$ cat upload-v7.cif   # mmCIF, C-alpha atoms and all ligand atoms
data_work
loop_
_atom_site.label_atom_id
_atom_site.label_comp_id
_atom_site.auth_asym_id
_atom_site.auth_seq_id
_atom_site.Cartn_x
_atom_site.Cartn_y
_atom_site.Cartn_z
CA MET A 1 152.01 60.19 134.95
CA TYR A 2 148.37 61.29 134.76
CA TYR A 3 147.90 59.22 131.61
CA LEU A 4 148.45 56.04 133.68
CA THR A 5 145.46 56.69 135.96
CA GLY A 6 142.82 55.26 133.61
CA GLU A 7 144.96 52.26 132.71
CA ILE A 8 145.63 51.44 136.38
CA LYS A 9 141.93 51.59 137.22
CA HIS A 10 141.03 49.49 134.21
CA LYS A 11 143.65 46.89 135.16
CA ALA A 12 142.45 46.80 138.79
CA ILE A 13 138.93 45.92 137.67
CA GLU A 14 140.30 43.35 135.23
CA LEU A 15 142.18 41.77 138.15
CA GLY A 16 138.88 41.28 139.97
CA PHE A 17 138.72 44.25 142.34
CA ASN A 18 135.19 45.61 142.58
CA LYS A 19 136.23 49.15 143.34
CA VAL A 20 139.32 51.26 142.87
CA GLY A 21 140.07 54.88 143.70
CA ILE A 22 143.16 57.03 144.11
CA ALA A 23 144.07 59.55 146.80
CA ARG A 24 146.99 61.92 147.21
CA THR A 25 149.31 60.89 150.05
CA ASP A 26 149.18 63.25 152.93
CA PHE A 27 149.75 63.48 156.65
CA LEU A 28 146.49 62.29 158.25
CA GLU A 29 146.21 65.16 160.68
CA LYS A 30 142.66 64.68 161.99
CA GLU A 31 142.98 60.88 162.04
CA SER A 32 146.29 61.05 163.91
CA GLN A 33 144.49 62.87 166.73
CA GLN A 34 141.64 60.37 166.64
CA LEU A 35 144.02 57.42 166.67
CA SER A 36 145.98 58.96 169.59
CA GLU A 37 142.81 59.44 171.57
CA TRP A 38 141.57 55.92 170.72
CA LEU A 39 144.85 54.46 171.98
CA ALA A 40 144.94 56.72 175.06
CA ARG A 41 141.48 55.49 176.05
CA GLY A 42 142.72 51.90 175.72
CA TYR A 43 140.15 51.10 173.04
CA HIS A 44 142.69 48.83 171.33
CA GLY A 45 142.57 46.42 174.31
CA THR A 46 145.59 44.13 174.16
CA MET A 47 146.30 44.80 170.45
CA GLU A 48 149.65 46.41 171.33
CA TRP A 49 150.62 46.31 167.66
CA MET A 50 148.06 49.08 167.06
CA ALA A 51 150.18 51.43 169.17
CA ARG A 52 153.37 50.61 167.24
CA ASN A 53 154.51 52.39 164.08
CA PHE A 54 152.30 55.39 164.79
CA GLU A 55 154.31 57.62 162.42
CA LYS A 56 153.80 55.17 159.57
CA ARG A 57 150.08 54.79 160.21
CA VAL A 58 149.48 58.50 159.95
CA ASP A 59 151.68 59.21 156.92
CA PRO A 60 152.40 56.75 154.07
CA ARG A 61 155.59 58.69 153.29
CA ASN A 62 157.01 57.00 156.36
CA VAL A 63 156.56 53.61 154.71
CA LEU A 64 157.68 54.72 151.24
CA GLN A 65 159.84 57.75 150.87
CA ASP A 66 158.55 59.96 148.02
CA ALA A 67 155.13 58.30 148.09
CA LYS A 68 152.69 60.43 146.10
CA SER A 69 149.57 58.32 145.66
CA VAL A 70 147.51 55.69 147.43
CA ILE A 71 145.66 53.36 145.07
CA ALA A 72 142.85 51.95 147.20
CA VAL A 73 140.87 48.86 146.22
CA ALA A 74 137.87 47.00 147.59
CA MET A 75 136.76 43.45 147.02
CA ASN A 76 133.23 42.18 147.66
CA TYR A 77 133.00 39.07 149.85
CA TYR A 78 129.25 38.77 150.43
CA THR A 79 127.74 35.37 149.69
CA ASN A 80 124.05 34.65 149.70
CA VAL A 81 124.12 32.20 152.62
CA GLN A 82 122.56 32.74 156.05
CA HIS A 83 123.58 31.55 159.51
CA SER A 84 121.71 28.58 160.99
CA ASP A 85 119.13 29.09 163.79
CA ASP A 86 120.13 25.80 165.41
CA GLU A 87 121.12 26.55 169.03
CA LEU A 88 123.78 23.84 168.92
CA THR A 89 125.71 25.59 166.18
CA GLY A 90 128.07 28.55 166.34
CA LYS A 91 128.19 31.59 164.07
CA ILE A 92 131.30 32.54 162.11
CA SER A 93 131.53 36.00 160.56
CA ARG A 94 131.11 36.17 156.80
CA TYR A 95 134.58 37.48 156.16
CA ALA A 96 136.06 34.22 157.47
CA TRP A 97 133.80 31.73 155.69
CA GLY A 98 136.13 31.08 152.78
CA ASP A 99 139.85 31.33 152.05
CA ASP A 100 142.11 33.97 153.55
CA TYR A 101 141.51 37.31 151.82
CA HIS A 102 144.97 38.62 152.69
CA ASP A 103 146.63 36.22 150.25
CA ILE A 104 144.01 36.63 147.52
CA MET A 105 144.09 40.42 147.57
CA ALA A 106 147.83 40.81 148.01
CA GLU A 107 148.54 38.55 145.03
CA ARG A 108 146.31 40.69 142.82
CA LEU A 109 147.76 43.94 144.17
CA TRP A 110 151.28 42.70 143.37
CA LYS A 111 150.09 41.99 139.81
CA LEU A 112 148.72 45.51 139.63
CA LEU A 113 152.04 46.93 140.82
CA GLU A 114 153.87 44.80 138.26
CA PHE A 115 151.58 46.19 135.56
CA ILE A 116 152.39 49.75 136.67
CA GLN A 117 156.12 49.01 136.69
CA ASN A 118 155.90 47.57 133.17
CA GLN A 119 154.50 50.91 132.03
CA GLU A 120 156.82 52.98 134.20
CA PRO A 121 159.92 50.98 135.20
CA SER A 122 161.18 53.57 137.67
CA ALA A 123 157.99 53.37 139.78
CA LYS A 124 158.30 52.16 143.34
CA GLY A 125 155.38 50.85 145.36
CA LYS A 126 154.30 48.91 148.44
CA VAL A 127 151.33 46.60 148.81
CA TYR A 128 149.16 46.49 151.94
CA VAL A 129 146.15 44.43 152.98
CA ASP A 130 145.04 44.79 156.59
CA THR A 131 148.20 43.79 158.40
CA GLY A 132 150.50 46.76 157.62
CA PRO A 133 150.74 50.03 159.54
CA ILE A 134 148.31 51.75 157.16
CA MET A 135 144.79 52.98 157.89
CA ASP A 136 142.93 51.02 155.21
CA LYS A 137 139.53 52.59 155.88
CA VAL A 138 140.76 56.17 155.85
CA TRP A 139 142.44 55.68 152.47
CA ALA A 140 139.37 53.96 151.04
CA GLN A 141 137.32 56.97 152.13
CA ARG A 142 139.80 59.49 150.74
CA ALA A 143 139.98 57.59 147.45
CA GLY A 144 136.19 57.79 147.10
CA ILE A 145 135.47 54.08 147.58
CA GLY A 146 133.09 54.57 150.49
CA TRP A 147 132.57 56.33 153.81
CA ILE A 148 133.38 55.14 157.31
CA GLY A 149 129.96 54.42 158.82
CA LYS A 150 128.91 54.83 162.43
CA HIS A 151 129.77 51.15 163.01
CA THR A 152 133.30 52.13 161.87
CA ASN A 153 133.37 50.01 158.69
CA VAL A 154 133.64 51.42 155.17
CA ILE A 155 130.32 51.35 153.30
CA THR A 156 130.20 51.53 149.52
CA GLN A 157 127.08 52.92 147.87
CA ASP A 158 126.74 49.97 145.51
CA LEU A 159 127.89 46.92 147.54
CA GLY A 160 127.37 47.95 151.16
CA SER A 161 130.15 47.19 153.66
CA TRP A 162 130.89 43.54 152.82
CA VAL A 163 134.16 44.53 151.20
CA PHE A 164 137.80 43.92 152.03
CA LEU A 165 140.21 46.80 151.62
CA GLY A 166 143.78 47.04 150.40
CA GLU A 167 146.12 49.51 148.77
CA ILE A 168 149.29 50.25 146.84
CA ILE A 169 151.41 53.15 148.05
CA LEU A 170 153.10 54.53 144.95
CA ASP A 171 155.74 57.16 144.23
CA LEU A 172 153.99 58.37 141.06
CA GLU A 173 151.72 61.37 140.83
CA LEU A 174 148.30 60.34 139.45
CA GLU A 175 144.85 61.87 139.04
CA TYR A 176 142.92 61.90 142.31
CA ASP A 177 139.33 61.02 143.19
CA ALA A 178 137.07 63.06 145.42
CA GLU A 179 136.72 61.86 149.01
CA ALA A 180 133.56 59.83 149.72
CA THR A 181 130.82 61.57 151.68
CA ASP A 182 128.94 60.19 154.70
CA HIS A 183 125.47 58.73 154.05
CA CYS A 184 124.61 57.42 157.52
CA GLY A 185 122.29 60.37 158.11
CA SER A 186 120.23 60.10 161.28
CA CYS A 187 120.32 56.28 161.30
CA THR A 188 121.60 54.61 164.48
CA LEU A 189 120.57 50.99 163.80
CA CYS A 190 124.07 49.53 164.22
CA ILE A 191 124.60 51.29 167.55
CA GLU A 192 121.27 50.02 168.89
CA ALA A 193 121.80 46.47 167.59
CA CYS A 194 125.26 45.95 169.09
CA PRO A 195 124.64 43.58 172.02
CA THR A 196 127.68 44.75 173.98
CA GLN A 197 127.42 48.52 173.36
CA ALA A 198 130.84 48.45 171.71
CA ILE A 199 130.08 51.49 169.52
CA VAL A 200 130.52 53.88 172.41
CA VAL A 201 129.65 56.97 170.39
CA PRO A 202 128.91 57.12 166.67
CA TYR A 203 132.08 56.26 164.68
CA VAL A 204 134.05 55.10 167.73
CA LEU A 205 134.51 51.48 168.73
CA ASP A 206 135.83 50.19 172.04
CA SER A 207 137.47 46.90 171.05
CA ASN A 208 137.29 45.63 174.65
CA ARG A 209 133.53 45.38 174.22
CA CYS A 210 133.47 44.12 170.64
CA ILE A 211 132.67 40.43 170.05
CA SER A 212 134.97 40.45 167.05
CA TYR A 213 137.91 41.47 169.24
CA LEU A 214 136.95 39.17 172.10
CA THR A 215 136.65 36.09 169.88
CA ILE A 216 139.62 36.75 167.57
CA GLU A 217 142.24 39.04 169.09
CA HIS A 218 141.76 38.70 172.83
CA LYS A 219 143.85 36.06 174.57
CA GLY A 220 142.89 34.35 177.82
CA LYS A 221 139.53 34.02 179.48
CA ILE A 222 136.51 35.82 178.04
CA PRO A 223 134.75 37.94 180.68
CA GLU A 224 131.50 36.17 181.53
CA GLU A 225 129.37 39.31 181.28
CA MET A 226 130.53 39.60 177.67
CA ALA A 227 130.23 35.91 176.72
CA ASP A 228 126.64 36.16 177.95
CA LYS A 229 125.91 38.40 174.98
CA PHE A 230 127.71 36.44 172.25
CA ASP A 231 124.50 34.93 170.86
CA ARG A 232 126.49 31.99 169.39
CA TRP A 233 129.17 34.10 167.67
CA ILE A 234 132.37 32.07 167.98
CA TYR A 235 134.57 33.87 165.44
CA GLY A 236 134.03 37.55 164.70
CA CYS A 237 130.64 39.24 164.63
CA ASP A 238 128.49 40.70 161.85
CA ILE A 239 125.53 42.11 163.78
CA CYS A 240 126.22 45.81 163.16
CA GLN A 241 126.70 45.15 159.45
CA ASP A 242 123.71 42.81 159.16
CA VAL A 243 121.32 45.50 160.36
CA CYS A 244 122.75 48.28 158.20
CA PRO A 245 120.21 49.41 155.58
CA TRP A 246 122.98 49.81 153.02
CA ASN A 247 123.78 46.11 153.32
CA GLN A 248 120.17 45.07 153.34
CA LYS A 249 119.60 46.94 150.12
CA PHE A 250 122.85 46.63 148.19
CA SER A 251 124.58 43.35 149.17
CA SER A 252 125.29 41.35 146.10
CA PRO A 253 127.07 38.00 145.77
CA ALA A 254 130.84 37.99 145.31
CA ASP A 255 132.29 36.53 142.16
CA VAL A 256 135.46 35.24 143.81
CA LYS A 257 134.77 31.58 144.49
CA GLU A 258 137.49 31.44 147.18
CA PHE A 259 135.23 33.62 149.38
CA PHE A 260 132.34 31.15 149.19
CA PRO A 261 131.73 29.41 152.54
CA ARG A 262 133.49 26.19 153.34
CA GLU A 263 130.83 23.61 154.24
CA CYS A 264 132.21 23.31 157.81
CA ASN A 265 131.79 27.06 158.47
CA ILE A 266 128.07 27.62 157.86
CA ALA A 267 126.64 25.73 160.82
CA PRO A 268 129.58 24.45 162.88
CA ASN A 269 128.51 22.13 165.68
CA LEU A 270 129.59 23.67 168.99
CA HIS A 271 130.25 20.38 170.69
CA GLU A 272 132.46 19.18 167.82
CA LEU A 273 134.39 22.46 167.95
CA GLU A 274 134.92 22.10 171.69
CA GLU A 275 136.34 18.63 171.20
CA MET A 276 138.41 19.41 168.09
CA THR A 277 142.07 18.34 168.28
CA GLU A 278 144.97 20.55 167.20
CA ASP A 279 145.54 18.37 164.13
CA GLU A 280 141.91 18.67 163.08
CA PHE A 281 142.11 22.43 163.54
CA ARG A 282 145.22 22.65 161.36
CA ILE A 283 143.64 20.65 158.54
CA LYS A 284 140.21 22.30 158.67
CA TYR A 285 141.46 25.88 158.81
CA ARG A 286 144.47 25.70 156.53
CA ASN A 287 144.50 28.81 154.34
CA SER A 288 141.57 30.28 156.29
CA PRO A 289 141.53 33.59 158.23
CA MET A 290 140.36 31.50 161.19
CA LYS A 291 143.83 30.18 161.84
CA ARG A 292 144.39 33.53 163.62
CA THR A 293 142.70 32.36 166.83
CA LYS A 294 144.78 29.19 166.85
CA HIS A 295 143.25 25.99 168.20
CA ALA A 296 143.18 27.31 171.77
CA GLY A 297 141.18 30.42 170.83
CA LEU A 298 138.50 28.70 168.79
CA THR A 299 137.87 25.92 171.29
CA ARG A 300 137.78 28.54 174.08
CA ASN A 301 135.09 30.46 172.16
CA ALA A 302 133.01 27.32 171.56
CA LYS A 303 133.26 26.45 175.26
CA ALA A 304 132.25 29.97 176.32
CA VAL A 305 129.12 29.85 174.13
CA MET A 306 128.28 26.29 175.23
CA ALA A 307 128.61 27.30 178.88
CA ILE A 308 126.09 30.11 178.34
CA ASN A 309 123.72 27.75 176.50
CA THR A 310 123.88 25.32 179.42
CA THR A 311 123.24 28.07 181.97
CA LEU A 312 120.26 29.30 179.97
CA GLU A 313 118.82 25.78 179.70
CA SER A 314 119.13 25.15 183.43
CA THR A 315 117.32 28.40 184.26
CA ILE A 316 114.36 27.75 181.93
C1 LIG B 1 142.25 47.01 164.58
C2 LIG B 1 141.22 46.43 163.65
C3 LIG B 1 140.09 45.82 164.20
C4 LIG B 1 139.77 45.94 165.69
C5 LIG B 1 139.24 47.37 165.98
C6 LIG B 1 138.18 47.83 164.95
C7 LIG B 1 138.20 49.33 164.68
N1 LIG B 1 137.03 49.88 164.45
O1 LIG B 1 139.24 49.95 164.67
C8 LIG B 1 138.70 44.80 165.86
C9 LIG B 1 139.41 43.52 166.29
C10 LIG B 1 137.58 45.08 166.85
C11 LIG B 1 138.21 44.64 164.44
C12 LIG B 1 136.98 44.10 164.10
C13 LIG B 1 136.50 43.99 162.80
N2 LIG B 1 137.20 44.17 161.68
CO1 LIG B 1 138.98 44.96 161.63
N3 LIG B 1 140.61 45.91 161.41
C14 LIG B 1 141.40 46.50 162.25
C15 LIG B 1 142.56 47.18 161.50
C16 LIG B 1 143.79 46.26 161.59
C17 LIG B 1 142.96 48.59 161.98
C18 LIG B 1 141.77 49.57 162.15
C19 LIG B 1 142.21 50.85 162.83
O2 LIG B 1 143.10 51.54 162.34
N4 LIG B 1 141.63 51.18 164.00
C20 LIG B 1 142.03 52.32 164.78
C21 LIG B 1 140.86 53.26 165.07
C22 LIG B 1 141.38 54.60 165.57
O3 LIG B 1 140.26 53.44 163.88
P1 LIG B 1 138.70 53.45 163.55
O4 LIG B 1 137.75 52.78 164.40
O5 LIG B 1 138.73 53.13 162.14
O6 LIG B 1 138.53 54.95 163.92
C23 LIG B 1 138.24 55.92 163.02
C24 LIG B 1 136.87 56.47 163.38
O7 LIG B 1 136.53 56.04 164.68
C25 LIG B 1 137.08 57.91 163.28
N5 LIG B 1 136.63 58.67 164.44
C26 LIG B 1 137.11 58.69 165.69
N6 LIG B 1 136.43 59.58 166.41
C27 LIG B 1 135.52 60.13 165.59
C28 LIG B 1 134.56 61.08 165.82
C29 LIG B 1 133.76 61.47 164.76
C30 LIG B 1 132.74 62.51 165.02
C31 LIG B 1 133.93 60.90 163.47
C32 LIG B 1 133.09 61.34 162.31
C33 LIG B 1 134.89 59.93 163.25
C34 LIG B 1 135.66 59.56 164.32
O8 LIG B 1 138.46 58.20 163.20
C35 LIG B 1 139.21 57.07 163.29
C36 LIG B 1 140.33 57.23 162.27
O9 LIG B 1 139.78 57.48 161.00
C37 LIG B 1 141.98 47.25 160.03
C38 LIG B 1 143.02 47.09 158.91
C39 LIG B 1 143.85 48.33 158.73
N7 LIG B 1 145.14 48.15 158.59
O10 LIG B 1 143.33 49.43 158.66
C40 LIG B 1 140.95 46.08 160.00
C41 LIG B 1 139.64 46.29 159.26
C42 LIG B 1 139.09 47.62 159.69
N8 LIG B 1 138.78 45.25 159.80
C43 LIG B 1 137.94 44.77 158.95
C44 LIG B 1 136.89 43.87 159.27
C45 LIG B 1 136.22 43.14 158.11
C46 LIG B 1 136.49 43.69 160.60
C47 LIG B 1 135.20 43.00 161.09
C48 LIG B 1 133.98 43.28 160.23
C49 LIG B 1 135.46 41.47 161.19
C50 LIG B 1 134.28 40.70 161.78
N9 LIG B 1 133.23 40.42 161.03
O11 LIG B 1 134.34 40.31 162.91
C51 LIG B 1 135.07 43.60 162.52
C52 LIG B 1 134.19 44.86 162.51
C53 LIG B 1 133.98 45.45 163.89
C54 LIG B 1 133.56 46.92 163.78
N10 LIG B 1 132.31 47.21 164.08
O12 LIG B 1 134.40 47.73 163.42
C55 LIG B 1 138.10 45.41 157.58
C56 LIG B 1 136.96 46.40 157.34
C57 LIG B 1 136.51 46.47 155.90
C58 LIG B 1 135.52 47.61 155.72
N11 LIG B 1 134.57 47.44 154.82
O13 LIG B 1 135.62 48.63 156.38
C59 LIG B 1 139.55 46.06 157.70
C60 LIG B 1 139.72 47.36 156.95
C61 LIG B 1 140.54 45.01 157.18
C62 LIG B 1 140.61 44.99 155.66
N12 LIG B 1 141.73 45.37 155.08
O14 LIG B 1 139.66 44.68 154.96
N13 LIG B 1 139.11 45.14 163.53
S1 LIG B 2 131.04 43.55 165.48
FE1 LIG B 2 129.38 42.93 166.91
S2 LIG B 2 130.14 43.44 168.95
FE2 LIG B 2 131.46 44.52 167.47
S3 LIG B 2 130.53 46.53 167.22
FE3 LIG B 2 129.60 45.26 165.65
S4 LIG B 2 127.74 44.41 166.62
FE4 LIG B 2 129.02 45.22 168.25
S1 LIG B 3 123.40 51.02 160.39
FE1 LIG B 3 122.91 53.15 159.92
S2 LIG B 3 124.30 54.36 161.23
FE2 LIG B 3 125.08 52.27 161.17
S3 LIG B 3 126.59 52.29 159.56
FE3 LIG B 3 124.65 51.62 158.62
S4 LIG B 3 123.69 53.51 157.86
FE4 LIG B 3 125.33 54.12 159.26
#
$ encode --input "upload-v7.cif" --output "structure tokens" --more "lines below"
Ligand code: B12
Ligand code: SF4
Ligand code: SF4
Amino acid sequence: MYYLTGEIKHKAIELGFNKVGIARTDFLEKESQQLSEWLARGYHGTMEWMARNFEKRVDPRNVLQDAKSVIAVAMNYYTNVQHSDDELTGKISRYAWGDDYHDIMAERLWKLLEFIQNQEPSAKGKVYVDTGPIMDKVWAQRAGIGWIGKHTNVITQDLGSWVFLGEIILDLELEYDAEATDHCGSCTLCIEACPTQAIVVPYVLDSNRCISYLTIEHKGKIPEEMADKFDRWIYGCDICQDVCPWNQKFSSPADVKEFFPRECNIAPNLHELEEMTEDEFRIKYRNSPMKRTKHAGLTRNAKAVMAINTTLESTI
């Protein structure tokens, strides 16, 4: 089915993906050891779902029998808007400013699979964006889209790391791209900039220390010594990506209008967030990635940041 490779890539771009590459399915030997060690060290925190389906995560043939290829795609979500400096506002990570990327990307990937099946009706495939037991970043790297940087996100040479990742696992043999190579060099800016020292060694992240984990995935009280370092981040964190020279040089605005920031997300008032009712939360964050924290999580985050602000004010 080599002849289909060019047509698939062409269609992916037509569907609005910024990058597409293809890798041969394989057992991820090195990554399976790294994932095991990451889990053994407890770096997944309370994300128990990361420990499930290990066999699937390390070999796509365990999600689709006879899988031959992984078609990896990336979609740019950068928008040319900056966070406010106002101390009374919270910061929301860029990826969550607009509509939920899972739905937008999955819909397009299904269309791509439909296109493939129109050409080759016997083809079988599975679509994944973030939530499945598939290592999105590893496949993006193997398919030549970009390398996994020291901050552990995939960086593309032409758009930086502000890209979402997704893939189709397919049972057709296609032509394969060369794996992306690492261009971090001797840089360590992300490691130095992380306020909680979550990048414990280059390329390894301890979620327990990461503001993104603490504000989105972690349930219950936020440890005070961590909240102290949030610097107004109330949903996710972009610090390690903001300082990356590849982003400073190559970020370019997305063309998907659904990723543009909702007005309420650019400079959200912390006090209003603290006081927000469940109904307000439901309406405001319908179809937004931010529904993941639920009302309790977002108000907790706003309260944690407000508490630190108040402590700082009373000590000045
Ligand atoms: C779990 C998870 C998280 C966790 C843990 C993050 C992590 N680094 O694993 C938390 C909640 C912290 C998180 C945060 C974020 N996430 Co997240 N997350 C995931 C998820 C679901 C799984 C990632 C995973 O498999 N982790 C397991 C560990 C083992 O993997 P790893 O860190 O990638 O480890 C690799 C390296 O450390 C390397 N390694 C280990 N040891 C060594 C040693 C050496 C020497 C070397 C070279 C390499 C190396 O090997 C490992 C395997 O390849 C993916 C979606 C998916 N299904 O893949 C999204 C995903 C990675 N997240 C994403 C995003 C956008 C984010 C945030 C930017 C959101 C935000 N703004 O707040 C932050 C970024 C934080 C950061 N600095 O990484 C995107 C990243 C897109 C991109 N360009 O890479 C993904 C791919 C979702 C998507 N489909 O778009 N996330
Ligand atoms: S997302 Fe924030 S807390 Fe997490 S590693 Fe990057 S800079 Fe550190
Ligand atoms: S800041 Fe430097 S070390 Fe970190 S990911 Fe970017 S290039 Fe790599």
$ residues_around --input "upload-v7.cif" --residues "Val63 of chain A" --least-positions-apart "3" --cutoff "12 Å" --atoms "only C-alpha atoms" --output "ChimeraX atom specification"
/A:25,53-60,66-68,70,124-128,132-134,168-171
$ write_last_selection --input "upload-v7.cif" --atoms "C-alpha atoms" --output "JSON list (two decimals), keeping the file's coordinate frame"
[["chain", "number", "residue", "atom", "x", "y", "z"],
["A", 25, "THR", "CA", 149.31, 60.89, 150.05],
["A", 53, "ASN", "CA", 154.51, 52.39, 164.08],
["A", 54, "PHE", "CA", 152.30, 55.39, 164.79],
["A", 55, "GLU", "CA", 154.31, 57.62, 162.42],
["A", 56, "LYS", "CA", 153.80, 55.17, 159.57],
["A", 57, "ARG", "CA", 150.08, 54.79, 160.21],
["A", 58, "VAL", "CA", 149.48, 58.50, 159.95],
["A", 59, "ASP", "CA", 151.68, 59.21, 156.92],
["A", 60, "PRO", "CA", 152.40, 56.75, 154.07],
["A", 66, "ASP", "CA", 158.55, 59.96, 148.02],
["A", 67, "ALA", "CA", 155.13, 58.30, 148.09],
["A", 68, "LYS", "CA", 152.69, 60.43, 146.10],
["A", 70, "VAL", "CA", 147.51, 55.69, 147.43],
["A", 124, "LYS", "CA", 158.30, 52.16, 143.34],
["A", 125, "GLY", "CA", 155.38, 50.85, 145.36],
["A", 126, "LYS", "CA", 154.30, 48.91, 148.44],
["A", 127, "VAL", "CA", 151.33, 46.60, 148.81],
["A", 128, "TYR", "CA", 149.16, 46.49, 151.94],
["A", 132, "GLY", "CA", 150.50, 46.76, 157.62],
["A", 133, "PRO", "CA", 150.74, 50.03, 159.54],
["A", 134, "ILE", "CA", 148.31, 51.75, 157.16],
["A", 168, "ILE", "CA", 149.29, 50.25, 146.84],
["A", 169, "ILE", "CA", 151.41, 53.15, 148.05],
["A", 170, "LEU", "CA", 153.10, 54.53, 144.95],
["A", 171, "ASP", "CA", 155.74, 57.16, 144.23]]
$ atom_distance --input "upload-v7.cif" --atom1 "atom N5 of ligand LIG 1 (chain B)" --atom2 "atom CA of Val138 of chain A"
9.9 Å
$ closest_atom_pairs --input "upload-v7.cif" --of "chain A" --to "ligand LIG 1 (chain B)" --cutoff "7 Å" --atoms "all atoms listed in the file" --output "CSV"
residue,atom,partner,partner_atom,distance
A:Glu31,CA,B:LIG1,C36,4.5
A:Gln34,CA,B:LIG1,C26,4.9
A:Leu35,CA,B:LIG1,C22,4.0
A:Trp38,CA,B:LIG1,C22,5.3
A:His44,CA,B:LIG1,C5,6.5
A:Met50,CA,B:LIG1,C1,6.6
A:Ser93,CA,B:LIG1,N9,4.8
A:Arg94,CA,B:LIG1,N9,6.4
A:Tyr95,CA,B:LIG1,N9,5.8
A:Val129,CA,B:LIG1,N12,5.0
A:Asp130,CA,B:LIG1,N12,3.7
A:Thr131,CA,B:LIG1,N7,5.3
A:Gly132,CA,B:LIG1,N7,5.6
A:Pro133,CA,B:LIG1,N7,6.0
A:Ile134,CA,B:LIG1,N7,5.0
A:Met135,CA,B:LIG1,O10,3.9
A:Asp136,CA,B:LIG1,O10,3.8
A:Lys137,CA,B:LIG1,C60,5.3
A:Val138,CA,B:LIG1,O9,5.4
A:Ile148,CA,B:LIG1,O13,6.9
A:His151,CA,B:LIG1,N10,4.8
A:Thr152,CA,B:LIG1,O12,4.8
A:Asn153,CA,B:LIG1,O13,3.5
A:Val154,CA,B:LIG1,O13,3.6
A:Ile155,CA,B:LIG1,N11,6.0
A:Ser161,CA,B:LIG1,N11,4.6
A:Trp162,CA,B:LIG1,N11,5.7
A:Val163,CA,B:LIG1,N11,4.7
A:Phe164,CA,B:LIG1,O14,3.6
A:Leu165,CA,B:LIG1,O14,4.0
A:Gly166,CA,B:LIG1,N12,5.4
A:Pro202,CA,B:LIG1,C29,6.8
A:Tyr203,CA,B:LIG1,O7,4.5
A:Val204,CA,B:LIG1,O7,4.0
A:Leu205,CA,B:LIG1,N1,5.2
A:Ser207,CA,B:LIG1,C10,4.6
A:Cys210,CA,B:LIG1,C10,5.7
A:Ser212,CA,B:LIG1,O11,4.2
A:Tyr213,CA,B:LIG1,C9,3.9
A:Ile216,CA,B:LIG1,C9,6.9
A:Glu217,CA,B:LIG1,C9,6.0
A:Tyr235,CA,B:LIG1,O11,6.9
A:Gly236,CA,B:LIG1,O11,3.3
A:Cys237,CA,B:LIG1,O11,4.2
A:Asp238,CA,B:LIG1,N9,4.8
A:Cys240,CA,B:LIG1,N10,6.3
$ atom_distance --input "upload-v7.cif" --atom1 "atom CA of Glu48 of chain A" --atom2 "atom S2 of ligand LIG 2 (chain B)"
19.9 Å
$ closest_residue --input "upload-v7.cif" --among "A:Pro223, A:Pro245, A:Pro121, A:Pro268" --to "Gly90 of chain A" --atoms "only C-alpha atoms"
A:Pro268
$ residues_around --input "upload-v7.cif" --residues "Gly160 of chain A" --least-positions-apart "6" --cutoff "8 Å" --atoms "all atoms listed in the file" --output "VMD selection string"
chain A and resid 246 to 247 249 to 251
$ atom_distance --input "upload-v7.cif" --atom1 "atom S1 of ligand LIG 3 (chain B)" --atom2 "atom CA of Leu159 of chain A"
14.2 Å
$ axis_aligned_box --input "upload-v7.cif" --around "segment 240-256 of chain A" --padding-each-side "3 Å" --output "lines of an AutoDock Vina configuration file"
center_x = 127.5
center_y = 42.5
center_z = 152.7
size_x = 21.9
size_y = 20.6
size_z = 27.0
$ residues_near_ligand --input "upload-v7.cif" --ligand "ligand LIG 3 (chain B)" --cutoff "6 Å" --atoms "all atoms listed in the file" --output "list in words"
Gly149, Lys150, His151, Cys184, Cys187, Thr188, Leu189, Cys190, Val243, Cys244 and Pro245 of chain A
$ closest_residue --input "upload-v7.cif" --among "A:Asp26, A:Glu192, A:Asp228, A:Glu274" --to "ligand LIG 2 (chain B)" --atoms "only C-alpha atoms and all ligand atoms"
A:Glu192
$ closest_residue --input "upload-v7.cif" --among "A:Glu278, A:Lys229, A:Glu263, A:Thr293" --to "ligand LIG 2 (chain B)" --atoms "only C-alpha atoms and all ligand atoms"
A:Lys229
$ closest_residue --input "upload-v7.cif" --among "A:Asn118, A:Thr215, A:Ser69, A:Thr46" --to "ligand LIG 2 (chain B)" --atoms "all atoms listed in the file"
A:Thr215
$ residues_around --input "upload-v7.cif" --residues "Tyr176 of chain A" --least-positions-apart "4" --cutoff "9 Å" --atoms "all atoms listed in the file" --output "ChimeraX atom specification"
/A:5,21-24,69,143
$ closest_residue --input "upload-v7.cif" --among "A:His295, A:His83, A:Arg41, A:His102" --to "Asn265 of chain A" --atoms "all atoms listed in the file"
A:His83
